[in-house]
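Working notes, beginning with the structure itself.
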Amino acid sequence: MTNDLKPEAQTLLKMVASSPSRLTPPALEKIISENTHLEKREIKALVKDLVARGELAYTYEFGSTFLEIPFNRPIRISNSVVIKPPGHQYRPESGDVVLKIKPGASFGDGRHPTTRLAIRGIEYVLKEFKLGATADQSSVLDIGTGSGILVLTAVGMGIHRGVGIDIDPAARFEARENVSINRLEDRIEISDQNLESIEGSFYLVTANLRYPTLKKICPSLRKITDTGGFLVFSGIRNHELSDFIKAYAGKNLEVVWQGKELDWMGVVLTRINREKQNANKSKMMISQKSLKIANF
């Protein structure tokens, strides 16, 4: 969002971005008039100006016209991650990770809340838990990679190597294009492998999939996540969150982050070493007991 916009224009853009459904021009006018003191002519003038600036765009589908945030330009997805179509200019700020994503048919261009939540989850892990000396051995697996945006994010933010898997040949083609555009062919592999055939383990596992699928693949993901590693999930509806946590949390997995946008949830879990944790607790209890004896 452009910082030099008037407060009324920023409010209008936020209402478009936070709407659970796409808005037609009359529907947007109605929402704005109900939530502000703006008159109809002022709303029309605001919309016209925002369209001229490229902050809003008219789209047409199935006989209806909508006003939406355009994604044919650089867009900030999180504090650090900016995505842009190839060929567009963008002057990065300090700490920005700029990813080139070519428009295509595959899911994962940043316009859906689940993609943005997954990217924010990846950013949380890689900002809060520094890789340090393990960076050169770190790896990420992205399940159902689509455009490749999540594996690109993880590698762009410091993971050494990545694998994106998808059963859709069109998605694999587009993901490989995006990997090539970002010049990361030597660090990212796009594969048609199924999850069950994946060997080894990964520091980071990402999956932007619907909850029934996430629940089904839970046992496989436990096996391929490093101890001390992380799983980043999105595609979970708000009302599914408690069931999701019951399916995943415990058994050496612990929730460390949750994010919400509209009716969607993103979740980050870490795989902890339960034996080490219990040993540390035992040492602490022994130390406390010794302290009590010494102070007797």
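In the structure tokens, the first chain shown is A, the next is B, and so on; residue numbers restart at 1 for each chain, and ligands run from 1 in the order shown.
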
Please extract the residues of stretch 23-188 of chain A with a backbone DSSP assignment of strand (DSSP E) and present them as JSON, numbers by chain.
{"A": [57, 58, 59, 60, 61, 64, 65, 66, 67, 68, 75, 76, 81, 82, 83, 84, 97, 98, 99, 100, 139, 140, 141, 142, 143, 161, 162, 163, 164, 165, 188]}

Output file for the selection above: N, CA and C atoms, as a PDB file, in the first residue's frame:
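The file below, selection-v9.pdb, is the result:
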```
ATOM      1  N   ALA A  57      -7.843  -2.460  -9.271  1.00  0.00           N
ATOM      2  CA  ALA A  57      -8.026  -2.832 -10.674  1.00  0.00           C
ATOM      3  C   ALA A  57      -9.412  -3.446 -10.856  1.00  0.00           C
ATOM      4  N   TYR A  58     -10.005  -3.168 -12.013  1.00  0.00           N
ATOM      5  CA  TYR A  58     -11.260  -3.831 -12.382  1.00  0.00           C
ATOM      6  C   TYR A  58     -10.931  -5.194 -12.978  1.00  0.00           C
ATOM      7  N   THR A  59     -11.643  -6.210 -12.523  1.00  0.00           N
ATOM      8  CA  THR A  59     -11.524  -7.533 -13.131  1.00  0.00           C
ATOM      9  C   THR A  59     -12.910  -7.991 -13.559  1.00  0.00           C
ATOM     10  N   TYR A  60     -12.938  -8.864 -14.530  1.00  0.00           N
ATOM     11  CA  TYR A  60     -14.228  -9.301 -15.097  1.00  0.00           C
ATOM     12  C   TYR A  60     -14.244 -10.819 -15.164  1.00  0.00           C
ATOM     13  N   GLU A  61     -15.273 -11.420 -14.585  1.00  0.00           N
ATOM     14  CA  GLU A  61     -15.370 -12.884 -14.599  1.00  0.00           C
ATOM     15  C   GLU A  61     -16.824 -13.305 -14.457  1.00  0.00           C
ATOM     16  N   SER A  64     -19.598 -10.665 -14.306  1.00  0.00           N
ATOM     17  CA  SER A  64     -19.597  -9.675 -13.231  1.00  0.00           C
ATOM     18  C   SER A  64     -18.267  -8.918 -13.205  1.00  0.00           C
ATOM     19  N   THR A  65     -18.336  -7.654 -12.802  1.00  0.00           N
ATOM     20  CA  THR A  65     -17.148  -6.814 -12.665  1.00  0.00           C
ATOM     21  C   THR A  65     -16.813  -6.661 -11.185  1.00  0.00           C
ATOM     22  N   PHE A  66     -15.517  -6.783 -10.860  1.00  0.00           N
ATOM     23  CA  PHE A  66     -15.074  -6.684  -9.475  1.00  0.00           C
ATOM     24  C   PHE A  66     -13.971  -5.634  -9.365  1.00  0.00           C
ATOM     25  N   LEU A  67     -13.804  -5.108  -8.161  1.00  0.00           N
ATOM     26  CA  LEU A  67     -12.678  -4.239  -7.841  1.00  0.00           C
ATOM     27  C   LEU A  67     -11.767  -5.001  -6.888  1.00  0.00           C
ATOM     28  N   GLU A  68     -10.511  -5.188  -7.280  1.00  0.00           N
ATOM     29  CA  GLU A  68      -9.584  -5.989  -6.493  1.00  0.00           C
ATOM     30  C   GLU A  68      -8.214  -5.326  -6.408  1.00  0.00           C
ATOM     31  N   ILE A  75       4.388  -6.524  -4.854  1.00  0.00           N
ATOM     32  CA  ILE A  75       3.495  -6.529  -3.694  1.00  0.00           C
ATOM     33  C   ILE A  75       4.269  -7.050  -2.483  1.00  0.00           C
ATOM     34  N   ARG A  76       4.180  -6.330  -1.370  1.00  0.00           N
ATOM     35  CA  ARG A  76       4.795  -6.809  -0.129  1.00  0.00           C
ATOM     36  C   ARG A  76       3.851  -7.812   0.527  1.00  0.00           C
ATOM     37  N   VAL A  81       9.312 -10.137   2.695  1.00  0.00           N
ATOM     38  CA  VAL A  81       9.132 -10.741   1.374  1.00  0.00           C
ATOM     39  C   VAL A  81       8.275  -9.862   0.460  1.00  0.00           C
ATOM     40  N   VAL A  82       8.843  -9.572  -0.697  1.00  0.00           N
ATOM     41  CA  VAL A  82       8.137  -8.844  -1.759  1.00  0.00           C
ATOM     42  C   VAL A  82       8.126  -9.730  -2.994  1.00  0.00           C
ATOM     43  N   ILE A  83       6.965  -9.875  -3.623  1.00  0.00           N
ATOM     44  CA  ILE A  83       6.909 -10.634  -4.876  1.00  0.00           C
ATOM     45  C   ILE A  83       6.603  -9.668  -6.015  1.00  0.00           C
ATOM     46  N   LYS A  84       7.167  -9.970  -7.169  1.00  0.00           N
ATOM     47  CA  LYS A  84       6.921  -9.099  -8.322  1.00  0.00           C
ATOM     48  C   LYS A  84       6.964  -9.922  -9.599  1.00  0.00           C
ATOM     49  N   VAL A  97      13.548  -9.500   0.765  1.00  0.00           N
ATOM     50  CA  VAL A  97      13.772 -10.662  -0.092  1.00  0.00           C
ATOM     51  C   VAL A  97      12.780 -10.531  -1.249  1.00  0.00           C
ATOM     52  N   VAL A  98      13.278 -10.257  -2.433  1.00  0.00           N
ATOM     53  CA  VAL A  98      12.418 -10.005  -3.591  1.00  0.00           C
ATOM     54  C   VAL A  98      12.375 -11.251  -4.471  1.00  0.00           C
ATOM     55  N   LEU A  99      11.184 -11.787  -4.678  1.00  0.00           N
ATOM     56  CA  LEU A  99      10.996 -12.993  -5.477  1.00  0.00           C
ATOM     57  C   LEU A  99      10.258 -12.652  -6.766  1.00  0.00           C
ATOM     58  N   LYS A 100      10.758 -13.174  -7.874  1.00  0.00           N
ATOM     59  CA  LYS A 100      10.084 -12.991  -9.162  1.00  0.00           C
ATOM     60  C   LYS A 100       9.161 -14.182  -9.395  1.00  0.00           C
ATOM     61  N   SER A 139      17.788 -27.660   4.847  1.00  0.00           N
ATOM     62  CA  SER A 139      17.004 -27.995   3.658  1.00  0.00           C
ATOM     63  C   SER A 139      15.522 -27.782   3.936  1.00  0.00           C
ATOM     64  N   VAL A 140      14.765 -27.585   2.862  1.00  0.00           N
ATOM     65  CA  VAL A 140      13.323 -27.392   2.958  1.00  0.00           C
ATOM     66  C   VAL A 140      12.631 -28.300   1.954  1.00  0.00           C
ATOM     67  N   LEU A 141      11.500 -28.841   2.369  1.00  0.00           N
ATOM     68  CA  LEU A 141      10.626 -29.605   1.476  1.00  0.00           C
ATOM     69  C   LEU A 141       9.285 -28.887   1.420  1.00  0.00           C
ATOM     70  N   ASP A 142       8.854 -28.563   0.199  1.00  0.00           N
ATOM     71  CA  ASP A 142       7.555 -27.907  -0.004  1.00  0.00           C
ATOM     72  C   ASP A 142       6.623 -28.898  -0.692  1.00  0.00           C
ATOM     73  N   ILE A 143       5.540 -29.254   0.000  1.00  0.00           N
ATOM     74  CA  ILE A 143       4.610 -30.278  -0.486  1.00  0.00           C
ATOM     75  C   ILE A 143       3.448 -29.608  -1.207  1.00  0.00           C
ATOM     76  N   ARG A 161      19.236 -25.506   0.605  1.00  0.00           N
ATOM     77  CA  ARG A 161      18.709 -26.184  -0.574  1.00  0.00           C
ATOM     78  C   ARG A 161      17.245 -26.535  -0.347  1.00  0.00           C
ATOM     79  N   GLY A 162      16.506 -26.709  -1.462  1.00  0.00           N
ATOM     80  CA  GLY A 162      15.085 -26.981  -1.334  1.00  0.00           C
ATOM     81  C   GLY A 162      14.584 -27.957  -2.375  1.00  0.00           C
ATOM     82  N   VAL A 163      13.500 -28.639  -2.023  1.00  0.00           N
ATOM     83  CA  VAL A 163      12.805 -29.544  -2.939  1.00  0.00           C
ATOM     84  C   VAL A 163      11.333 -29.176  -2.907  1.00  0.00           C
ATOM     85  N   GLY A 164      10.752 -28.973  -4.086  1.00  0.00           N
ATOM     86  CA  GLY A 164       9.319 -28.754  -4.199  1.00  0.00           C
ATOM     87  C   GLY A 164       8.700 -29.911  -4.948  1.00  0.00           C
ATOM     88  N   ILE A 165       7.668 -30.533  -4.380  1.00  0.00           N
ATOM     89  CA  ILE A 165       7.025 -31.666  -5.051  1.00  0.00           C
ATOM     90  C   ILE A 165       5.588 -31.320  -5.388  1.00  0.00           C
ATOM     91  N   ILE A 188      17.492 -25.453  -5.830  1.00  0.00           N
ATOM     92  CA  ILE A 188      16.103 -25.925  -5.716  1.00  0.00           C
ATOM     93  C   ILE A 188      15.801 -26.946  -6.800  1.00  0.00           C
TER      94      ILE A 188
END
```

Near-A:Lys130 list (12 Å; only C-alpha atoms; drop same-chain fewer than 6 positions) as number ranges by chain:
A: 123-124, 138, 157-159, 203, 228-229

Of the residues A:His239, A:Ala27, A:Arg222, A:Asp263, which is the one nearest to A:Lys251, using only C-alpha atoms?
A:Arg222

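One finds atom CA of A:Lys6 at 9.4 Å from atom CA of A:Leu46.
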
Could you write out, as a ChimeraX atom specification, all the residues of stretch 10-189 of chain A that DSSP marks as helix (DSSP H, G or I)?
/A:10-18,25-35,40-53,113-128,132-137,149-156,169-181

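Relative to atom CA of A:Asp49, atom CA of A:Leu5 is found at 10.1 Å.
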
Do you know which residues are at most 9 Å from A:Asp109 counting only C-alpha atoms, after dropping those on the same chain fewer than 6 positions away, and could you put them as a VMD selection string?
chain A and resid 71 83 101 to 103 115 147 149

Export, as a PDB file, in the first residue's frame, the selected residues with C-alpha atoms.
```
ATOM      1  CA  PHE A  71      -1.030  -8.412  -8.358  1.00  0.00           C
ATOM      2  CA  ILE A  83       6.909 -10.634  -4.876  1.00  0.00           C
ATOM      3  CA  ILE A 101       6.882 -14.957  -9.736  1.00  0.00           C
ATOM      4  CA  LYS A 102       5.662 -15.322 -13.305  1.00  0.00           C
ATOM      5  CA  PRO A 103       1.860 -15.150 -13.672  1.00  0.00           C
ATOM      6  CA  THR A 115      -0.061 -18.189   0.612  1.00  0.00           C
ATOM      7  CA  SER A 147       4.168 -21.942  -8.402  1.00  0.00           C
ATOM      8  CA  ILE A 149       6.629 -19.601  -4.091  1.00  0.00           C
TER       9      ILE A 149
END
```

Residue neighbourhood A:Ala105, 12 Å, only C-alpha atoms, exclusion window fewer than 4 positions, as a ChimeraX atom specification:
/A:101,109,146-147,168-175

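When only C-alpha atoms are used to compute distances to A:Pro20, the closest of the residues A:Ile272, A:Lys216, A:Ile236, A:Pro113 turns out to be A:Pro113.
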